[in-house]
>>> print(open('run-v1.tsv').read())   # TSV, C-alpha atoms
chain	number	residue	atom	x	y	z
P	1	MET	CA	81.31	136.31	39.74
P	2	THR	CA	81.85	134.67	36.34
P	3	PRO	CA	79.33	132.12	35.02
P	4	VAL	CA	81.84	129.31	35.66
P	5	ALA	CA	82.48	130.48	39.22
P	6	ALA	CA	78.73	130.83	39.80
P	7	ALA	CA	78.15	127.27	38.57
P	8	ARG	CA	80.86	125.96	40.87
P	9	ALA	CA	79.35	127.82	43.79
P	10	VAL	CA	76.03	126.08	43.10
P	11	ASP	CA	77.62	122.63	42.66
P	12	PRO	CA	80.71	122.38	44.92
P	13	GLU	CA	80.85	118.60	44.40
P	14	ARG	CA	81.41	119.01	40.67
P	15	ALA	CA	83.80	121.91	41.27
P	16	THR	CA	86.00	119.61	43.33
P	17	LEU	CA	85.84	116.55	41.08
P	18	ASP	CA	86.60	118.61	37.97
P	19	LYS	CA	90.04	119.37	39.40
P	20	ALA	CA	91.10	115.77	38.66
P	21	ALA	CA	91.97	116.74	35.08
P	22	ALA	CA	94.64	119.18	36.29
P	23	GLU	CA	96.47	116.80	38.63
P	24	ASN	CA	100.06	115.69	38.00
P	25	PHE	CA	98.95	112.04	38.00
P	26	PRO	CA	96.08	110.05	36.44
P	27	VAL	CA	93.20	109.85	38.93
P	28	ALA	CA	90.72	107.46	37.29
P	29	PRO	CA	91.75	106.98	33.64
P	30	PHE	CA	89.37	105.58	31.05
P	31	PHE	CA	91.13	102.22	30.73
P	32	LEU	CA	90.23	101.13	34.28
P	33	PRO	CA	87.08	99.13	34.96
P	34	ARG	CA	84.11	101.40	35.66
P	35	PRO	CA	83.70	100.25	39.30
P	36	TRP	CA	87.34	101.12	39.99
P	37	ARG	CA	86.95	104.51	38.32
P	38	ASP	CA	83.91	105.32	40.41
P	39	ASP	CA	85.60	104.31	43.65
P	40	LEU	CA	88.86	106.09	42.84
P	41	MET	CA	86.93	109.27	42.02
P	42	ALA	CA	85.14	108.98	45.37
P	43	VAL	CA	88.50	108.74	47.14
P	44	TYR	CA	89.86	111.60	45.03
P	45	GLY	CA	86.89	113.79	45.93
P	46	PHE	CA	87.67	113.35	49.61
P	47	ALA	CA	91.41	113.97	49.20
P	48	ARG	CA	90.93	117.00	46.95
P	49	LEU	CA	88.34	118.61	49.21
P	50	VAL	CA	90.40	118.21	52.36
P	51	ASP	CA	93.41	119.75	50.59
P	52	ASP	CA	91.25	122.61	49.31
P	53	ILE	CA	90.04	123.25	52.86
P	54	GLY	CA	93.62	123.27	54.12
P	55	ASP	CA	94.81	125.55	51.31
P	56	GLY	CA	91.83	127.91	51.36
P	57	ASP	CA	90.92	126.93	47.79
P	58	LEU	CA	87.25	126.06	48.22
P	59	ALA	CA	84.71	126.97	45.56
P	60	PRO	CA	83.46	130.56	45.95
P	61	GLY	CA	80.24	131.25	47.77
P	62	GLY	CA	80.78	129.23	50.96
P	63	ALA	CA	78.66	126.25	49.86
P	64	ASP	CA	81.10	123.68	51.29
P	65	ALA	CA	81.03	125.35	54.71
P	66	ARG	CA	77.24	125.40	54.71
P	67	LEU	CA	77.09	121.74	53.74
P	68	LEU	CA	79.37	120.90	56.66
P	69	GLY	CA	77.21	122.89	59.06
P	70	VAL	CA	79.79	125.64	59.62
P	71	SER	CA	78.41	129.12	60.25
P	72	GLU	CA	79.12	131.96	57.85
P	73	GLU	CA	81.18	133.66	60.57
P	74	ALA	CA	83.48	130.63	60.90
P	75	ALA	CA	83.61	129.73	57.20
P	76	GLU	CA	87.11	131.19	56.78
P	77	ASP	CA	88.52	129.31	59.79
P	78	ARG	CA	90.30	126.34	58.23
P	79	LEU	CA	90.72	124.43	61.49
P	80	THR	CA	87.00	124.75	62.19
P	81	LEU	CA	86.23	123.49	58.68
P	82	LEU	CA	88.61	120.56	59.11
P	83	ASP	CA	86.95	119.65	62.42
P	84	ALA	CA	83.54	119.74	60.74
P	85	PHE	CA	84.87	117.67	57.84
P	86	GLU	CA	86.22	115.04	60.24
P	87	ALA	CA	82.86	114.93	62.01
P	88	ASP	CA	81.20	114.32	58.65
P	89	LEU	CA	83.78	111.61	57.86
P	90	ASN	CA	82.75	109.85	61.07
P	91	ARG	CA	79.24	109.57	59.59
P	92	VAL	CA	80.73	107.67	56.64
P	93	PHE	CA	81.96	104.96	58.99
P	94	ASP	CA	78.84	104.84	61.19
P	95	PRO	CA	76.43	102.40	59.49
P	96	ALA	CA	73.67	103.10	62.02
P	97	GLY	CA	74.03	106.87	61.96
P	98	PRO	CA	72.74	109.61	59.67
P	99	GLU	CA	74.02	110.19	56.16
P	100	PRO	CA	77.05	112.45	55.74
P	101	ARG	CA	76.17	116.07	55.06
P	102	HIS	CA	78.60	116.72	52.23
P	103	PRO	CA	77.80	115.08	48.86
P	104	LEU	CA	81.44	114.06	48.38
P	105	LEU	CA	81.29	112.10	51.62
P	106	ARG	CA	77.95	110.59	50.66
P	107	ARG	CA	79.67	109.51	47.43
P	108	LEU	CA	82.48	107.97	49.51
P	109	ARG	CA	80.25	105.93	51.80
P	110	PRO	CA	79.48	103.02	49.40
P	111	THR	CA	83.15	102.83	48.41
P	112	VAL	CA	84.16	102.47	52.06
P	113	ARG	CA	81.61	99.71	52.57
P	114	ARG	CA	82.42	97.89	49.34
P	115	HIS	CA	86.12	97.60	50.17
P	116	ALA	CA	85.95	97.60	53.99
P	117	LEU	CA	88.18	100.68	54.06
P	118	THR	CA	89.36	101.86	57.47
P	119	PRO	CA	89.31	105.46	58.75
P	120	ALA	CA	93.11	105.65	59.22
P	121	PRO	CA	94.18	106.89	55.76
P	122	PHE	CA	91.36	109.44	55.62
P	123	LEU	CA	92.19	110.72	59.10
P	124	GLY	CA	95.85	110.96	58.04
P	125	LEU	CA	94.95	113.33	55.21
P	126	ILE	CA	92.91	115.50	57.57
P	127	ALA	CA	95.78	115.50	60.08
P	128	ALA	CA	98.20	116.63	57.36
P	129	ASN	CA	96.01	119.61	56.56
P	130	ARG	CA	95.68	120.49	60.24
P	131	GLN	CA	99.46	120.37	60.41
P	132	ASP	CA	99.64	122.78	57.47
P	133	GLN	CA	97.77	125.35	59.55
P	134	LEU	CA	100.14	124.98	62.49
P	135	VAL	CA	103.54	123.98	61.06
P	136	LYS	CA	105.00	126.23	58.37
P	137	ARG	CA	108.62	125.03	58.35
P	138	TYR	CA	110.39	121.66	58.61
P	139	GLU	CA	113.73	121.41	60.35
P	140	THR	CA	114.99	118.11	58.93
P	141	TYR	CA	114.35	115.76	56.05
P	142	ASP	CA	113.02	113.19	58.53
P	143	ASP	CA	110.48	115.78	59.70
P	144	LEU	CA	109.38	116.23	56.10
P	145	LEU	CA	109.09	112.45	55.61
P	146	ALA	CA	106.85	112.26	58.68
P	147	TYR	CA	104.62	114.91	57.12
P	148	CYS	CA	104.48	112.97	53.84
P	149	GLU	CA	103.39	109.90	55.82
P	150	LEU	CA	100.21	111.86	56.56
P	151	SER	CA	99.82	113.99	53.44
P	152	ALA	CA	100.75	111.59	50.62
P	153	ASN	CA	101.14	107.95	51.60
P	154	PRO	CA	97.46	107.40	52.51
P	155	VAL	CA	96.49	108.03	48.88
P	156	GLY	CA	98.57	105.13	47.56
P	157	ARG	CA	97.35	102.87	50.33
P	158	LEU	CA	93.76	103.68	49.39
P	159	VAL	CA	94.44	102.89	45.72
P	160	LEU	CA	95.78	99.48	46.70
P	161	ALA	CA	92.84	98.85	49.01
P	162	VAL	CA	90.24	99.85	46.41
P	163	THR	CA	91.85	97.58	43.81
P	164	GLY	CA	92.19	94.67	46.26
P	165	THR	CA	95.97	94.42	45.83
P	166	SER	CA	97.29	95.60	49.19
P	167	THR	CA	100.18	93.64	50.72
P	168	PRO	CA	102.85	94.85	53.18
P	169	GLU	CA	105.51	94.93	50.46
P	170	ARG	CA	103.29	96.79	48.03
P	171	VAL	CA	102.38	99.30	50.74
P	172	ARG	CA	106.08	99.89	51.40
P	173	ARG	CA	106.78	100.49	47.70
P	174	SER	CA	103.67	102.65	47.36
P	175	ASP	CA	104.75	104.81	50.30
P	176	ALA	CA	108.09	105.47	48.57
P	177	VAL	CA	106.33	106.52	45.35
P	178	CYS	CA	103.80	108.73	47.13
P	179	THR	CA	106.43	110.46	49.26
P	180	ALA	CA	108.50	111.07	46.12
P	181	LEU	CA	105.51	112.61	44.35
P	182	GLN	CA	104.87	114.87	47.32
P	183	ILE	CA	108.49	116.06	47.36
P	184	VAL	CA	108.36	116.69	43.60
P	185	GLU	CA	105.20	118.76	44.05
P	186	HIS	CA	106.90	120.76	46.80
P	187	LEU	CA	109.83	121.46	44.46
P	188	GLN	CA	107.51	122.59	41.69
P	189	ASP	CA	105.59	124.85	44.07
P	190	VAL	CA	108.39	126.50	46.07
P	191	ALA	CA	107.29	130.01	45.12
P	192	GLU	CA	103.57	129.34	45.55
P	193	ASP	CA	104.14	127.70	48.94
P	194	LEU	CA	106.23	130.65	50.11
P	195	ASP	CA	103.30	132.92	49.21
P	196	ARG	CA	101.25	130.79	51.62
P	197	ASP	CA	104.00	131.21	54.25
P	198	ARG	CA	105.03	127.58	53.91
P	199	VAL	CA	108.51	126.22	53.22
P	200	TYR	CA	108.88	122.49	52.60
P	201	LEU	CA	112.63	122.61	51.98
P	202	PRO	CA	114.20	121.28	55.21
P	203	ALA	CA	115.94	124.01	57.20
P	204	THR	CA	119.05	121.90	57.75
P	205	ASP	CA	119.43	121.44	53.99
P	206	MET	CA	118.87	125.14	53.37
P	207	LYS	CA	121.71	125.89	55.79
P	208	ARG	CA	123.93	123.30	54.13
P	209	PHE	CA	123.47	124.98	50.74
P	210	HIS	CA	123.60	128.51	52.19
P	211	VAL	CA	120.03	129.28	51.13
P	212	ARG	CA	117.92	131.82	53.01
P	213	GLU	CA	114.20	132.26	52.67
P	214	ALA	CA	114.83	135.59	50.97
P	215	ASP	CA	116.58	133.64	48.21
P	216	LEU	CA	113.27	131.87	47.48
P	217	ALA	CA	111.36	135.14	47.08
P	218	VAL	CA	113.09	136.35	43.92
P	219	PRO	CA	112.06	135.87	40.26
P	220	THR	CA	114.98	133.60	39.32
P	221	ALA	CA	116.90	131.12	41.45
P	222	GLY	CA	120.56	131.63	42.15
P	223	ALA	CA	123.20	128.91	42.13
P	224	SER	CA	122.67	127.92	45.78
P	225	VAL	CA	118.91	127.50	45.38
P	226	ARG	CA	119.40	125.47	42.21
P	227	ALA	CA	121.89	123.21	43.98
P	228	LEU	CA	119.44	122.69	46.85
P	229	VAL	CA	116.59	121.87	44.46
P	230	ALA	CA	118.82	119.43	42.56
P	231	TYR	CA	119.71	117.74	45.86
P	232	GLN	CA	116.05	117.31	46.82
P	233	ALA	CA	115.24	116.13	43.29
P	234	ARG	CA	117.83	113.35	43.63
P	235	ARG	CA	116.17	112.26	46.85
P	236	ALA	CA	112.82	112.10	45.08
P	237	ARG	CA	114.37	110.18	42.19
P	238	ASP	CA	115.84	107.63	44.63
P	239	LEU	CA	112.44	107.18	46.28
P	240	LEU	CA	110.78	106.67	42.89
P	241	ASP	CA	113.39	104.06	42.02
P	242	GLU	CA	112.75	102.34	45.35
P	243	GLY	CA	109.02	102.28	44.74
P	244	ALA	CA	109.04	101.47	41.00
P	245	PRO	CA	109.04	97.65	41.47
P	246	LEU	CA	105.46	98.11	42.70
P	247	VAL	CA	104.48	98.45	39.03
P	248	GLY	CA	105.87	95.05	38.09
P	249	SER	CA	104.21	93.38	41.08
P	250	VAL	CA	100.72	93.79	39.61
P	251	ARG	CA	99.15	92.92	36.28
P	252	GLY	CA	96.64	94.25	33.83
P	253	ARG	CA	95.14	97.70	33.92
P	254	LEU	CA	96.30	98.42	37.44
P	255	ARG	CA	99.87	98.11	36.18
P	256	LEU	CA	99.17	100.90	33.69
P	257	LEU	CA	97.72	103.11	36.43
P	258	LEU	CA	100.67	102.63	38.78
P	259	ALA	CA	103.12	103.14	35.91
P	260	GLY	CA	101.37	106.46	35.32
P	261	PHE	CA	102.05	107.54	38.90
P	262	VAL	CA	105.75	106.68	38.70
P	263	ALA	CA	106.10	108.11	35.20
P	264	GLY	CA	104.41	111.34	36.28
P	265	GLY	CA	106.99	111.81	39.00
P	266	ARG	CA	109.90	111.00	36.73
P	267	ALA	CA	108.62	113.28	33.98
P	268	ALA	CA	108.19	116.13	36.46
P	269	LEU	CA	111.75	115.61	37.68
P	270	HIS	CA	112.92	115.70	34.06
P	271	ALA	CA	111.09	119.02	33.62
P	272	ILE	CA	112.74	120.42	36.76
P	273	ALA	CA	116.16	119.36	35.48
P	274	ALA	CA	115.40	120.82	32.04
P	275	ALA	CA	114.67	124.14	33.78
P	276	GLU	CA	118.16	123.86	35.31
P	277	TYR	CA	116.48	123.51	38.72
P	278	ASP	CA	115.13	127.05	38.60
P	279	VAL	CA	111.64	126.48	40.01
P	280	LEU	CA	111.02	130.06	41.14
P	281	PRO	CA	109.47	131.49	37.93
P	282	GLY	CA	106.73	128.84	38.14
P	283	PRO	CA	106.22	125.08	38.31
P	284	PRO	CA	108.21	123.25	35.60
P	285	LYS	CA	105.68	120.96	33.89
P	286	PRO	CA	106.47	117.93	31.71
P	287	GLY	CA	105.10	117.58	28.21
P	288	LYS	CA	102.99	114.65	27.03
P	289	VAL	CA	105.84	113.18	24.99
P	290	GLN	CA	108.10	113.05	28.03
P	291	LEU	CA	105.32	111.55	30.13
P	292	LEU	CA	104.68	108.81	27.56
P	293	ARG	CA	108.39	108.11	27.29
P	294	GLU	CA	108.69	107.72	31.05
P	295	ALA	CA	105.58	105.53	31.19
P	296	GLY	CA	107.04	103.20	28.57
P	297	ALA	CA	110.36	102.99	30.43
P	298	THR	CA	108.56	102.31	33.72
P	299	LEU	CA	106.46	99.53	32.19
P	300	ARG	CA	109.65	97.97	30.82
P	301	GLY	CA	111.20	98.11	34.28
P	302	LYS	CA	113.69	100.80	33.30
P	303	GLY	CA	114.19	104.41	34.34
>>> encode(input="run-v1.tsv", output="structure tokens")
Amino acid sequence: MTPVAAARAVDPERATLDKAAAENFPVAPFFLPRPWRDDLMAVYGFARLVDDIGDGDLAPGGADARLLGVSEEAAEDRLTLLDAFEADLNRVFDPAGPEPRHPLLRRLRPTVRRHALTPAPFLGLIAANRQDQLVKRYETYDDLLAYCELSANPVGRLVLAVTGTSTPERVRRSDAVCTALQIVEHLQDVAEDLDRDRVYLPATDMKRFHVREADLAVPTAGASVRALVAYQARRARDLLDEGAPLVGSVRGRLRLLLAGFVAGGRAALHAIAAAEYDVLPGPPKPGKVQLLREAGATLRGKG
């Protein structure tokens, strides 16, 4: 084990939080007020850890399983880990009960109390990761949207709740942005997801474009795969456009944060298009210049 891996095994909380720097979107940028940054990092820690459990990407050494009270024999069973994680989440919302076992959930507890957060969005993220263990393919686009309702939309709702700006209209716009970002991530990660035996391209769309799963397992995408990816990218672009007015509905530093989310999605779509929709060699990633350009356009209400 390398020194870095050994350090992460000793401190799984830091190992999880450090992943924020590699995300496609700003998690808790410096320009936000410190209380917001702390609370957003607490929410991020939960969301990142539950995804890492679902993807089998926990820090080496089994520390997270031990913290959750899962035996060494069951530490590789993702559904068992998710059940234990949900049980620990219940401790977050039980003011009379014991402290949560995992430090990331102990970090979350004051955030939940400060903003009167409800369990629903957190349970949605756990449910999405349970679904990932049981559902490997999606028949229709509507099926995929239902998955995104669990896997992505809760994050935006939590951001609005933490910043005290949640309204029904903002939630609707936020859901569109978050679903778009999830679809974009799926497009970037087609090859990686296939390695995990997951396909997030709807089967009906694959049939429409005459794409078979074998076509996704090659080094370079053919014309049919590129056409399918371009079609899904347009859907994501439309969702981002639907959600973009969320940015103009708020003021101050929160507006910059939300513009960063929208701009991150648009910049990633630009990178996918620049790769001529060939996502199979690896995730097309936008450069900083493109990201700044998209952020400026989003803040101006363009894009």
>>> atom_distance(input="run-v1.tsv", atom1="CA of Val155 in chain P", atom2="CA of Val262 in chain P")
13.8 Å
>>> residues_around(input="run-v1.tsv", residues="range 281-295 of chain P", least_positions_apart="2", cutoff="10 Å", atoms="only C-alpha atoms", output="PDB file with C-alpha atoms, in the frame of the given file")
ATOM      1  CA  ASN P  24     100.060 115.690  38.000  1.00  0.00           C
ATOM      2  CA  GLU P 185     105.200 118.760  44.050  1.00  0.00           C
ATOM      3  CA  HIS P 186     106.900 120.760  46.800  1.00  0.00           C
ATOM      4  CA  LEU P 187     109.830 121.460  44.460  1.00  0.00           C
ATOM      5  CA  GLN P 188     107.510 122.590  41.690  1.00  0.00           C
ATOM      6  CA  ASP P 189     105.590 124.850  44.070  1.00  0.00           C
ATOM      7  CA  VAL P 190     108.390 126.500  46.070  1.00  0.00           C
ATOM      8  CA  ALA P 191     107.290 130.010  45.120  1.00  0.00           C
ATOM      9  CA  GLU P 192     103.570 129.340  45.550  1.00  0.00           C
ATOM     10  CA  VAL P 218     113.090 136.350  43.920  1.00  0.00           C
ATOM     11  CA  PRO P 219     112.060 135.870  40.260  1.00  0.00           C
ATOM     12  CA  THR P 220     114.980 133.600  39.320  1.00  0.00           C
ATOM     13  CA  ALA P 221     116.900 131.120  41.450  1.00  0.00           C
ATOM     14  CA  LEU P 256      99.170 100.900  33.690  1.00  0.00           C
ATOM     15  CA  LEU P 257      97.720 103.110  36.430  1.00  0.00           C
ATOM     16  CA  LEU P 258     100.670 102.630  38.780  1.00  0.00           C
ATOM     17  CA  ALA P 259     103.120 103.140  35.910  1.00  0.00           C
ATOM     18  CA  GLY P 260     101.370 106.460  35.320  1.00  0.00           C
ATOM     19  CA  PHE P 261     102.050 107.540  38.900  1.00  0.00           C
ATOM     20  CA  VAL P 262     105.750 106.680  38.700  1.00  0.00           C
ATOM     21  CA  ALA P 263     106.100 108.110  35.200  1.00  0.00           C
ATOM     22  CA  GLY P 264     104.410 111.340  36.280  1.00  0.00           C
ATOM     23  CA  GLY P 265     106.990 111.810  39.000  1.00  0.00           C
ATOM     24  CA  ARG P 266     109.900 111.000  36.730  1.00  0.00           C
ATOM     25  CA  ALA P 267     108.620 113.280  33.980  1.00  0.00           C
ATOM     26  CA  ALA P 268     108.190 116.130  36.460  1.00  0.00           C
ATOM     27  CA  LEU P 269     111.750 115.610  37.680  1.00  0.00           C
ATOM     28  CA  HIS P 270     112.920 115.700  34.060  1.00  0.00           C
ATOM     29  CA  ALA P 271     111.090 119.020  33.620  1.00  0.00           C
ATOM     30  CA  ILE P 272     112.740 120.420  36.760  1.00  0.00           C
ATOM     31  CA  ALA P 273     116.160 119.360  35.480  1.00  0.00           C
ATOM     32  CA  ALA P 274     115.400 120.820  32.040  1.00  0.00           C
ATOM     33  CA  ALA P 275     114.670 124.140  33.780  1.00  0.00           C
ATOM     34  CA  GLU P 276     118.160 123.860  35.310  1.00  0.00           C
ATOM     35  CA  TYR P 277     116.480 123.510  38.720  1.00  0.00           C
ATOM     36  CA  ASP P 278     115.130 127.050  38.600  1.00  0.00           C
ATOM     37  CA  VAL P 279     111.640 126.480  40.010  1.00  0.00           C
ATOM     38  CA  ALA P 297     110.360 102.990  30.430  1.00  0.00           C
ATOM     39  CA  THR P 298     108.560 102.310  33.720  1.00  0.00           C
ATOM     40  CA  LEU P 299     106.460  99.530  32.190  1.00  0.00           C
ATOM     41  CA  ARG P 300     109.650  97.970  30.820  1.00  0.00           C
ATOM     42  CA  GLY P 301     111.200  98.110  34.280  1.00  0.00           C
ATOM     43  CA  LYS P 302     113.690 100.800  33.300  1.00  0.00           C
ATOM     44  CA  GLY P 303     114.190 104.410  34.340  1.00  0.00           C
TER      45      GLY P 303
END
>>> closest_residue(input="run-v1.tsv", among="P:Ala230, P:Ala87, P:Ala127, P:Ala152", to="Val70 in chain P", atoms="only C-alpha atoms")
P:Ala87
>>> closest_residue(input="run-v1.tsv", among="P:Leu239, P:Val162, P:Val135, P:Val211", to="Ala227 in chain P", atoms="all atoms listed in the file")
P:Val211
>>> atom_distance(input="run-v1.tsv", atom1="CA of Arg212 in chain P", atom2="CA of Leu144 in chain P")
18.0 Å
>>> axis_aligned_box(input="run-v1.tsv", around="range 31-36 of chain P", padding_each_side="3 Å", output="AutoDock Vina command-line options")
--center_x 87.4 --center_y 100.7 --center_z 35.4 --size_x 13.4 --size_y 9.1 --size_z 15.3
>>> closest_residue(input="run-v1.tsv", among="P:Gln131, P:Lys207, P:Asp142, P:Phe46", to="Pro154 in chain P", atoms="only C-alpha atoms")
P:Phe46
>>> closest_residue(input="run-v1.tsv", among="P:Ala233, P:Arg157, P:Tyr200, P:Arg91", to="Glu169 in chain P", atoms="all atoms listed in the file")
P:Arg157
>>> atom_distance(input="run-v1.tsv", atom1="CA of Glu72 in chain P", atom2="CA of Ala59 in chain P")
14.4 Å
>>> closest_residue(input="run-v1.tsv", among="P:Ser174, P:Ser151, P:Ser71, P:Thr204", to="Asp51 in chain P", atoms="only C-alpha atoms")
P:Ser151
>>> build_atoms(input="run-v1.tsv", residues="range 120-129 of chain P", atoms="all heavy atoms", output="PDB file, in the coordinates of the input")
ATOM      1  N   ALA P 120      91.735 105.152  59.010  1.00  0.00           N
ATOM      2  CA  ALA P 120      93.110 105.650  59.220  1.00  0.00           C
ATOM      3  C   ALA P 120      93.644 106.506  58.074  1.00  0.00           C
ATOM      4  O   ALA P 120      94.144 107.612  58.310  1.00  0.00           O
ATOM      5  CB  ALA P 120      94.048 104.487  59.519  1.00  0.00           C
ATOM      6  N   PRO P 121      93.594 106.049  56.816  1.00  0.00           N
ATOM      7  CA  PRO P 121      94.180 106.890  55.760  1.00  0.00           C
ATOM      8  C   PRO P 121      93.437 108.209  55.572  1.00  0.00           C
ATOM      9  O   PRO P 121      94.050 109.240  55.282  1.00  0.00           O
ATOM     10  CB  PRO P 121      94.105 106.016  54.507  1.00  0.00           C
ATOM     11  CG  PRO P 121      93.103 104.956  54.818  1.00  0.00           C
ATOM     12  CD  PRO P 121      93.153 104.746  56.289  1.00  0.00           C
ATOM     13  N   PHE P 122      92.138 108.206  55.748  1.00  0.00           N
ATOM     14  CA  PHE P 122      91.360 109.440  55.620  1.00  0.00           C
ATOM     15  C   PHE P 122      91.701 110.416  56.747  1.00  0.00           C
ATOM     16  O   PHE P 122      91.864 111.616  56.518  1.00  0.00           O
ATOM     17  CB  PHE P 122      89.872 109.122  55.628  1.00  0.00           C
ATOM     18  CG  PHE P 122      89.438 108.213  54.509  1.00  0.00           C
ATOM     19  CD1 PHE P 122      89.220 106.864  54.735  1.00  0.00           C
ATOM     20  CD2 PHE P 122      89.257 108.701  53.227  1.00  0.00           C
ATOM     21  CE1 PHE P 122      88.827 106.026  53.705  1.00  0.00           C
ATOM     22  CE2 PHE P 122      88.862 107.873  52.188  1.00  0.00           C
ATOM     23  CZ  PHE P 122      88.646 106.523  52.427  1.00  0.00           C
ATOM     24  N   LEU P 123      91.826 109.875  57.957  1.00  0.00           N
ATOM     25  CA  LEU P 123      92.190 110.720  59.100  1.00  0.00           C
ATOM     26  C   LEU P 123      93.606 111.266  58.933  1.00  0.00           C
ATOM     27  O   LEU P 123      93.904 112.392  59.358  1.00  0.00           O
ATOM     28  CB  LEU P 123      92.075 109.923  60.399  1.00  0.00           C
ATOM     29  CG  LEU P 123      90.648 109.558  60.811  1.00  0.00           C
ATOM     30  CD1 LEU P 123      90.674 108.593  62.002  1.00  0.00           C
ATOM     31  CD2 LEU P 123      89.842 110.806  61.160  1.00  0.00           C
ATOM     32  N   GLY P 124      94.494 110.474  58.296  1.00  0.00           N
ATOM     33  CA  GLY P 124      95.850 110.960  58.040  1.00  0.00           C
ATOM     34  C   GLY P 124      95.848 112.183  57.149  1.00  0.00           C
ATOM     35  O   GLY P 124      96.575 113.152  57.402  1.00  0.00           O
ATOM     36  N   LEU P 125      95.017 112.176  56.115  1.00  0.00           N
ATOM     37  CA  LEU P 125      94.950 113.330  55.210  1.00  0.00           C
ATOM     38  C   LEU P 125      94.394 114.560  55.915  1.00  0.00           C
ATOM     39  O   LEU P 125      94.852 115.678  55.672  1.00  0.00           O
ATOM     40  CB  LEU P 125      94.086 112.974  53.995  1.00  0.00           C
ATOM     41  CG  LEU P 125      94.675 111.904  53.066  1.00  0.00           C
ATOM     42  CD1 LEU P 125      93.651 111.481  52.017  1.00  0.00           C
ATOM     43  CD2 LEU P 125      95.952 112.388  52.395  1.00  0.00           C
ATOM     44  N   ILE P 126      93.427 114.366  56.787  1.00  0.00           N
ATOM     45  CA  ILE P 126      92.910 115.500  57.570  1.00  0.00           C
ATOM     46  C   ILE P 126      93.993 116.015  58.508  1.00  0.00           C
ATOM     47  O   ILE P 126      94.198 117.235  58.638  1.00  0.00           O
ATOM     48  CB  ILE P 126      91.652 115.091  58.354  1.00  0.00           C
ATOM     49  CG1 ILE P 126      90.500 114.782  57.380  1.00  0.00           C
ATOM     50  CG2 ILE P 126      91.235 116.192  59.313  1.00  0.00           C
ATOM     51  CD1 ILE P 126      89.251 114.232  58.049  1.00  0.00           C
ATOM     52  N   ALA P 127      94.711 115.098  59.164  1.00  0.00           N
ATOM     53  CA  ALA P 127      95.780 115.500  60.080  1.00  0.00           C
ATOM     54  C   ALA P 127      96.861 116.294  59.368  1.00  0.00           C
ATOM     55  O   ALA P 127      97.415 117.261  59.909  1.00  0.00           O
ATOM     56  CB  ALA P 127      96.380 114.271  60.769  1.00  0.00           C
ATOM     57  N   ALA P 128      97.185 115.904  58.138  1.00  0.00           N
ATOM     58  CA  ALA P 128      98.200 116.630  57.360  1.00  0.00           C
ATOM     59  C   ALA P 128      97.761 118.063  57.122  1.00  0.00           C
ATOM     60  O   ALA P 128      98.559 119.009  57.213  1.00  0.00           O
ATOM     61  CB  ALA P 128      98.454 115.929  56.037  1.00  0.00           C
ATOM     62  N   ASN P 129      96.496 118.255  56.824  1.00  0.00           N
ATOM     63  CA  ASN P 129      96.010 119.610  56.560  1.00  0.00           C
ATOM     64  C   ASN P 129      95.885 120.422  57.843  1.00  0.00           C
ATOM     65  O   ASN P 129      96.062 121.640  57.812  1.00  0.00           O
ATOM     66  CB  ASN P 129      94.692 119.539  55.792  1.00  0.00           C
ATOM     67  CG  ASN P 129      94.924 119.309  54.311  1.00  0.00           C
ATOM     68  OD1 ASN P 129      95.174 120.233  53.562  1.00  0.00           O
ATOM     69  ND2 ASN P 129      94.892 118.050  53.903  1.00  0.00           N
TER      70      ASN P 129
END
